[in-house]
Amino acid sequence: MTFLTDFGTQDPFVGIMKGVVLGICPDAALVDLCHEVPPHDIVGGSFLLHTAVGAFPAGTIHVAVVDPGVGGERRPILAEIDGQVFVGPDNGVLSYPLAAAGRCAVRRLSVEAFWRHPVSTSFHGRDVFAPVAGHLAAGVSPDCFGPPLADPVRLEIPQPRVDTAGRVQGEVVWVDRFGNCLTNIPRDLVPDTTTERGGPLHVWVGGRPLGRLVGTFSEVGAGEAGALVGSAAYLELFCNRGNLARDRQVRIGDPVCLRRSQKPSSRRRTPV
Amino acid sequence: MTFLTDFGTQDPFVGIMKGVVLGICPDAALVDLCHEVPPHDIVGGSFLLHTAVGAFPAGTIHVAVVDPGVGGERRPILAEIDGQVFVGPDNGVLSYPLAAAGRCAVRRLSVEAFWRHPVSTSFHGRDVFAPVAGHLAAGVSPDCFGPPLADPVRLEIPQPRVDTAGRVQGEVVWVDRFGNCLTNIPRDLVPDTTTERGGPLHVWVGGRPLGRLVGTFSEVGAGEAGALVGSAAYLELFCNRGNLARDRQVRIGDPVCLRRSQKPSSRRRTPV
Amino acid sequence: MTFLTDFGTQDPFVGIMKGVVLGICPDAALVDLCHEVPPHDIVGGSFLLHTAVGAFPAGTIHVAVVDPGVGGERRPILAEIDGQVFVGPDNGVLSYPLAAAGRCAVRRLSVEAFWRHPVSTSFHGRDVFAPVAGHLAAGVSPDCFGPPLADPVRLEIPQPRVDTAGRVQGEVVWVDRFGNCLTNIPRDLVPDTTTERGGPLHVWVGGRPLGRLVGTFSEVGAGEAGALVGSAAYLELFCNRGNLARDRQVRIGDPVCLRRSQKPSSRRRTPV
């Protein structure tokens with residue numbers, strides 16, 4: 001079972017959720033995915049969840065709680081996606097996994113017998129999602145927790161595109177601990193330079209030239225920038241042994257362009 | 001078994017304690033409560049521990065190490081409180097759990113055969129508390145670790161009160177990751193507005209009006225402040241989708257007043 | 001199984017490695033040692049690893065990933081050291097454990113059948129080290145993963161020395177969360193003041209007098225500095241209930257001198 005939240009680690013919120021799970025299923029294996037999602041950043045949390053779940057075995061339960069509307073109208077849900085089970089608020093935190101899903105079935109959590117009572121209005125992670133996850137881990141079937149739900153919230157995910165000139169257009173969607181900038185351009189849209197003709201590929205970010213597409217960090221010199229298909233299977237911008245985001249002021253939302261010639265065609269021009 | 005410390009996460013101290021536990025009881029389930037207690041903040045750590053333990057099943061062992069006096073005169077102790085077992089220094093870190101206890105029995109840890117040797121003077125978490133917790137998890141009875149102790153250290157906990165005018169007076173005792181401000185006013189002292197008469201309840205903090213008592217964050221507009229009975233069962237001050245502590249400079253120790261009329265009666269007046 | 005990395009906790013990298021391990025060995029006990037190693041600080045990570053492994057039982061598997069050269073020429077390795085097994089890049093991250101080793105056998109990881117495919121060029125923690133650790137935990141023998149390797153990378157570790165005047169000369173090698181400064185002067189080089197004659201021992205750091213050698217933090221007054229043999233079995237400089245590194249600007253690399261008289265003989269003089 002994994003946990004992804006925006007709870008941080010200065011408070012015992014995550015430990016509290018685990019206590020509830022262990023009270024129901026004492027031998028559950030508990031793994032922290034990430035608790036430093038920026039507070040209330042539903043889309044960012046959804047992207048991180050998406051990059052992580054592929055490393056987990058079938059049957060894994062993922063508890064995802066980025067929940068600024070806790071206690072309000074939003075529904076609690078459970079989603080079976082490609083052999084794994086997700087539990088969280090229906091506010092779009094599952095947007096990325098749902099968008100990438102092959103088979104998928106979503107349910108509204110409504111059977112309150114599986115919840116912790118009294119249910120607080122401000123911590124459904126403890127009172128709804130953790131106990132449901134605990135019962136799932138203990139073997140309760142997903143269809144016991146509530147009825148099917150046809151229209152889970154799907155937030156708008158920035159979509160990459162290939163323009164008429166063959167340039168791949170996308171944007172920065174996450175900056176990691178090392179300052180590497182993950183884009184929304186998936187591996188499928190990155191030409192394989194080892195087999196295709198037409199010369200080296202270059203990347204622009206924020207309208208400025210960044211560097212060329214390579215296979216590993218060390219193909220560019222220390223302190224130099226470049227791009228590669230990262231471990232999450234998306235185009236990733238980096239500075240070898242440096243921090244790209246900090247050193248070159250690259251931010252989430254900055255447009256990214258991948259093309260063969262030297263001239264960019266970004267959606268937004270930044271004067272140099 | 002849970003761990004609460006002021007060790008932070010930049011050093012391997014917490015992992016080291018877990019290594020000692022697993023060497024004694026290889027199948028212990030280990031949960032981090034919080035390691036970001038401000039260094040040496042015994043009372044703060046005690047409050048966080050208190051808000052968390054109710055989520056754990058009977059028999060849980062809690063290791064609490066906020067221990068500025070390590071190596072000095074303070075005694076190591078074990079406390080059985082309402083079916084759970086606490087291990088830590090006798091410096092007041094158990095003050096909140098002891099104050100809330102129904103049944104409780106405290107022992108001094110004196111049987112050095114259960115410790116790790118040589119015992120360092122600066123890391124009893126590794127050499128005393130972790131091995132004792134490991135032996136507890138492996139089934140050793142609490143009464144094997146040392147003799148009863150009648151007078152564990154209890155630090156002064158700020159007490160809420162209801163004044164002669166019926167106003168509830170307390171203070172801020174913790175600020176969480178989201179900037180929500182937890183007070184020492186328990187649910188029992190908060191009138192139930194759904195059943196009692198007399199109009200809406202209002203909250204002041206630091207002598208300034210904050211907002212009204214509501215049931216959920218979303219009952220006030222985005223960016224507006226209010227108060228509710230939080231998940232820890234204490235009155236909690238918040239700013240919906242904002243950060244109350246940062247935006248309005250609310251701090252631990254600020255007086256809080258809950259009352260029906262618009263006029264505050266705080267212990268300390270802050271000129272606006 | 002333990003994990004030590006420079007991945008931080010704002011991304012799900014560590015959780016992803018654990019997912020891979022659990023997919024291979026579902027009942028592995030997983031412990032975080034430290035993920036806040038400064039990015040790319042191989043020597044610092046190696047020292048932390050060294051201070052931690054002694055607390056773990058025989059047979060423990062340690063995954064150490066501080067890997068700025070990932071995807072380049074550096075080899076992945078496995079090292080059996082004194083009954084424990086280490087997995088990581090061959091870039092010197094095992095320098096301290098190797099230097100302290102009694103028995104030790106190193107192998108190059110070459111049998112790709114134990115890896116996760118496709119192997120990314122930027123996250124061998126997920127694709128090489130985690131799956132190898134998972135198979136080790138599941139019982140695969142170390143000699144199945146690749147051939148012996150005679151020359152693992154050993155980075156230069158700063159060595160303490162006793163000069164002709166009997167003064168012990170070393171340096172600060174780590175600053176912990178509390179501002180305590182760990183040196184590279186091991187317990188063996190610190191005279192036992194309880195049995196040896198010659199008067200109290202004094203410590204200088206950066207050419208400035210710091211304080212005397214004591215047995216516990218509380219032997220000096222609050223706010224005063226001193227030194228003791230810390231829990232890692234190295235000489236450690238501290239300020240009782242304060243933060244030595246911050247308050248007195250002590251930094252990694254600062255020379256440390258331990259001697260009987262009041263006059264220092266440091267390698268570097270800092271004008272006061």
# chains A, B, ... in the order shown; residues from 1 in each chain; ligands from 1

call {"tool": "interface_residues", "arguments": {"of": "chain A", "to": "chain C", "cutoff": "9 Å", "atoms": "only C-alpha atoms", "output": "JSON, numbers by chain"}}
result
{"A": [2, 4, 29, 31, 32, 33, 34, 35, 36, 37, 48, 49, 51, 52, 53, 54, 55, 56, 57, 58, 176, 177, 178, 215, 216, 217, 218, 219, 228, 229, 230, 231, 232, 233, 240, 241]}

call {"tool": "write_last_selection", "arguments": {"atoms": "N, CA, C and O atoms", "output": "compact mmCIF listing (two decimals), in the first residue's frame"}}
result
# COMPACT_ATOMS: atom_id res chain seq x y z
N THR A 2 0.54 2.21 -0.86
CA THR A 2 1.33 3.44 -0.89
C THR A 2 0.49 4.63 -0.42
O THR A 2 -0.74 4.59 -0.45
N LEU A 4 0.38 8.91 -0.96
CA LEU A 4 0.82 10.18 -1.57
C LEU A 4 -0.10 11.28 -1.06
O LEU A 4 -1.33 11.17 -1.18
N ALA A 29 2.00 -3.93 4.04
CA ALA A 29 3.30 -3.30 3.77
C ALA A 29 3.03 -1.87 3.32
O ALA A 29 2.32 -1.65 2.34
N VAL A 31 4.22 1.94 2.16
CA VAL A 31 5.29 2.66 1.47
C VAL A 31 4.86 4.12 1.23
O VAL A 31 3.77 4.37 0.74
N ASP A 32 5.74 5.04 1.59
CA ASP A 32 5.49 6.45 1.30
C ASP A 32 5.92 6.76 -0.13
O ASP A 32 7.07 6.51 -0.50
N LEU A 33 5.00 7.30 -0.92
CA LEU A 33 5.41 7.76 -2.25
C LEU A 33 5.98 9.16 -2.16
O LEU A 33 7.08 9.44 -2.59
N CYS A 34 5.22 10.05 -1.57
CA CYS A 34 5.62 11.45 -1.50
C CYS A 34 4.61 12.19 -0.66
O CYS A 34 3.41 12.00 -0.83
N HIS A 35 5.09 13.02 0.27
CA HIS A 35 4.18 13.83 1.07
C HIS A 35 4.47 15.31 0.92
O HIS A 35 3.89 16.13 1.61
N GLU A 36 5.38 15.63 0.01
CA GLU A 36 5.75 17.03 -0.20
C GLU A 36 5.08 17.62 -1.44
O GLU A 36 5.58 18.61 -2.01
N VAL A 37 3.99 17.01 -1.88
CA VAL A 37 3.19 17.67 -2.91
C VAL A 37 2.86 19.07 -2.39
O VAL A 37 2.49 19.21 -1.22
N LEU A 48 2.77 13.03 -10.13
CA LEU A 48 3.74 12.21 -9.38
C LEU A 48 3.23 10.79 -9.18
O LEU A 48 3.96 9.81 -9.33
N LEU A 49 1.95 10.68 -8.85
CA LEU A 49 1.33 9.36 -8.68
C LEU A 49 1.49 8.55 -9.96
O LEU A 49 1.89 7.38 -9.95
N THR A 51 3.71 8.82 -12.29
CA THR A 51 5.08 8.40 -12.60
C THR A 51 5.55 7.26 -11.70
O THR A 51 6.55 6.62 -11.99
N ALA A 52 4.82 7.01 -10.62
CA ALA A 52 5.30 6.04 -9.63
C ALA A 52 4.62 4.68 -9.72
O ALA A 52 5.24 3.65 -9.43
N VAL A 53 3.36 4.65 -10.11
CA VAL A 53 2.59 3.42 -9.90
C VAL A 53 3.09 2.25 -10.74
O VAL A 53 2.92 1.09 -10.36
N GLY A 54 3.73 2.53 -11.86
CA GLY A 54 4.21 1.45 -12.72
C GLY A 54 5.27 0.59 -12.07
O GLY A 54 5.52 -0.53 -12.52
N ALA A 55 5.90 1.08 -11.01
CA ALA A 55 6.95 0.31 -10.33
C ALA A 55 6.37 -0.67 -9.31
O ALA A 55 7.11 -1.50 -8.77
N PHE A 56 5.06 -0.60 -9.08
CA PHE A 56 4.46 -1.44 -8.04
C PHE A 56 3.74 -2.65 -8.64
O PHE A 56 3.22 -2.59 -9.75
N PRO A 57 3.70 -3.73 -7.88
CA PRO A 57 3.09 -4.96 -8.40
C PRO A 57 1.57 -4.86 -8.49
O PRO A 57 0.94 -4.01 -7.85
N ALA A 58 1.00 -5.73 -9.29
CA ALA A 58 -0.45 -5.82 -9.39
C ALA A 58 -1.05 -6.00 -8.01
O ALA A 58 -0.46 -6.66 -7.15
N ASP A 176 12.06 18.36 -10.34
CA ASP A 176 12.40 17.42 -9.28
C ASP A 176 13.48 17.99 -8.36
O ASP A 176 13.96 19.12 -8.54
N ARG A 177 13.85 17.21 -7.35
CA ARG A 177 14.81 17.60 -6.33
C ARG A 177 16.14 18.10 -6.89
O ARG A 177 16.81 18.92 -6.29
N PHE A 178 16.53 17.55 -8.06
CA PHE A 178 17.82 17.89 -8.64
C PHE A 178 17.72 19.08 -9.59
O PHE A 178 18.71 19.46 -10.20
N GLY A 215 21.32 10.67 -24.74
CA GLY A 215 20.87 9.41 -24.13
C GLY A 215 21.13 9.33 -22.64
O GLY A 215 20.41 8.66 -21.92
N THR A 216 22.17 10.02 -22.17
CA THR A 216 22.50 10.01 -20.74
C THR A 216 23.00 11.39 -20.33
O THR A 216 23.50 12.16 -21.16
N PHE A 217 22.89 11.67 -19.02
CA PHE A 217 23.36 12.94 -18.47
C PHE A 217 24.80 13.23 -18.92
O PHE A 217 25.13 14.35 -19.29
N SER A 218 25.65 12.20 -18.87
CA SER A 218 27.09 12.44 -19.03
C SER A 218 27.51 12.66 -20.48
O SER A 218 28.69 12.87 -20.75
N GLU A 219 26.55 12.67 -21.40
CA GLU A 219 26.91 12.98 -22.78
C GLU A 219 27.14 14.47 -22.99
O GLU A 219 27.66 14.87 -24.03
N LEU A 228 16.78 14.46 -22.20
CA LEU A 228 16.75 13.03 -22.47
C LEU A 228 15.36 12.49 -22.12
O LEU A 228 14.56 13.19 -21.50
N VAL A 229 15.09 11.28 -22.56
CA VAL A 229 13.86 10.63 -22.12
C VAL A 229 14.14 10.08 -20.73
O VAL A 229 14.95 9.17 -20.58
N GLY A 230 13.50 10.66 -19.73
CA GLY A 230 13.81 10.33 -18.35
C GLY A 230 13.19 9.02 -17.89
O GLY A 230 12.51 8.33 -18.67
N SER A 231 13.41 8.71 -16.62
CA SER A 231 12.96 7.42 -16.09
C SER A 231 11.44 7.32 -16.04
O SER A 231 10.89 6.22 -16.00
N ALA A 232 10.75 8.47 -16.07
CA ALA A 232 9.29 8.43 -16.06
C ALA A 232 8.73 8.28 -17.46
O ALA A 232 7.52 8.32 -17.66
N ALA A 233 9.63 8.14 -18.46
CA ALA A 233 9.24 7.96 -19.85
C ALA A 233 8.69 9.25 -20.47
O ALA A 233 7.90 9.20 -21.42
N ASN A 240 23.84 18.79 -16.47
CA ASN A 240 24.69 17.73 -15.92
C ASN A 240 25.44 18.25 -14.69
O ASN A 240 26.19 19.21 -14.77
N ARG A 241 25.25 17.59 -13.56
CA ARG A 241 25.85 17.94 -12.27
C ARG A 241 25.50 19.36 -11.82
O ARG A 241 26.20 19.97 -11.01

call {"tool": "select_by_dssp", "arguments": {"residues": "stretch 40-155 of chain C", "states": "strand (DSSP E or B)", "output": "VMD selection string"}}
result
chain C and resid 61 to 65 76 to 81 84 to 89 104 to 108 148

call {"tool": "atom_distance", "arguments": {"atom1": "atom CA of A:Pro89", "atom2": "atom CA of A:Ile61"}}
result
14.6 Å

call {"tool": "closest_residue", "arguments": {"among": "C:His202, C:Arg187, C:Arg75, C:Arg212", "to": "C:Val153", "atoms": "only C-alpha atoms"}}
result
C:Arg75

call {"tool": "residues_around", "arguments": {"residues": "stretch 131-147 of chain B", "least_positions_apart": "6", "cutoff": "6 Å", "atoms": "only C-alpha atoms", "output": "PyMOL selection string"}}
result
chain B and resi 21+24-25+107-111+114-115

call {"tool": "write_last_selection", "arguments": {"atoms": "N, CA and C atoms", "output": "mmCIF file, in the first residue's frame"}}
result
data_model
loop_
_atom_site.group_PDB
_atom_site.id
_atom_site.type_symbol
_atom_site.label_atom_id
_atom_site.label_comp_id
_atom_site.auth_asym_id
_atom_site.auth_seq_id
_atom_site.Cartn_x
_atom_site.Cartn_y
_atom_site.Cartn_z
ATOM 1 N N VAL B 21 15.761 -2.174 16.567
ATOM 2 C CA VAL B 21 14.488 -2.873 16.806
ATOM 3 C C VAL B 21 14.414 -4.142 15.968
ATOM 4 N N ILE B 24 16.152 -7.237 17.038
ATOM 5 C CA ILE B 24 15.548 -7.932 18.182
ATOM 6 C C ILE B 24 14.211 -8.561 17.784
ATOM 7 N N CYS B 25 13.440 -7.826 16.984
ATOM 8 C CA CYS B 25 12.102 -8.295 16.585
ATOM 9 C C CYS B 25 11.949 -8.052 15.088
ATOM 10 N N ARG B 107 6.961 2.880 34.704
ATOM 11 C CA ARG B 107 8.117 2.175 35.248
ATOM 12 C C ARG B 107 9.392 2.884 34.835
ATOM 13 N N ARG B 108 10.383 2.801 35.713
ATOM 14 C CA ARG B 108 11.715 3.272 35.370
ATOM 15 C C ARG B 108 12.451 2.150 34.658
ATOM 16 N N LEU B 109 13.082 2.460 33.524
ATOM 17 C CA LEU B 109 13.870 1.456 32.812
ATOM 18 C C LEU B 109 15.201 1.303 33.541
ATOM 19 N N SER B 110 15.392 0.146 34.138
ATOM 20 C CA SER B 110 16.626 -0.049 34.913
ATOM 21 C C SER B 110 17.336 -1.357 34.595
ATOM 22 N N VAL B 111 16.669 -2.278 33.949
ATOM 23 C CA VAL B 111 17.280 -3.589 33.689
ATOM 24 C C VAL B 111 18.146 -3.487 32.431
ATOM 25 N N PHE B 114 18.457 -5.407 28.891
ATOM 26 C CA PHE B 114 17.647 -5.159 27.704
ATOM 27 C C PHE B 114 18.200 -4.010 26.853
ATOM 28 N N TRP B 115 19.320 -3.423 27.272
ATOM 29 C CA TRP B 115 19.864 -2.283 26.534
ATOM 30 C C TRP B 115 20.934 -2.736 25.555
#

call {"tool": "residues_around", "arguments": {"residues": "B:Ile252", "least_positions_apart": "4", "cutoff": "8 Å", "atoms": "only C-alpha atoms", "output": "count of residues only"}}
result
6

call {"tool": "residues_around", "arguments": {"residues": "C:Val250", "least_positions_apart": "5", "cutoff": "8 Å", "atoms": "only C-alpha atoms", "output": "list in words"}}
result
Cys181, Val205, Gly206, Leu244 and Ala245 of chain C

call {"tool": "residues_around", "arguments": {"residues": "B:Glu156", "least_positions_apart": "4", "cutoff": "12 Å", "atoms": "only C-alpha atoms", "output": "ChimeraX atom specification"}}
result
/B:42-44,46-47,91-96,98-99

call {"tool": "select_by_dssp", "arguments": {"residues": "stretch 120-158 of chain C", "states": "helix (DSSP H, G or I)", "output": "list of chain:residue names"}}
result
C:His124, C:Gly125, C:Arg126, C:Asp127, C:Val128, C:Phe129, C:Ala130, C:Pro131, C:Val132, C:Ala133, C:Gly134, C:His135, C:Leu136, C:Ala137, C:Pro142, C:Asp143, C:Cys144

call {"tool": "atom_distance", "arguments": {"atom1": "atom CA of B:Thr5", "atom2": "atom CA of B:Gly242"}}
result
28.2 Å

call {"tool": "atom_distance", "arguments": {"atom1": "atom CA of C:Val85", "atom2": "atom CA of C:His117"}}
result
23.3 Å

call {"tool": "closest_residue", "arguments": {"among": "C:Leu78, C:Tyr234, C:Pro160, C:Pro97", "to": "C:His50", "atoms": "only C-alpha atoms"}}
result
C:Pro97
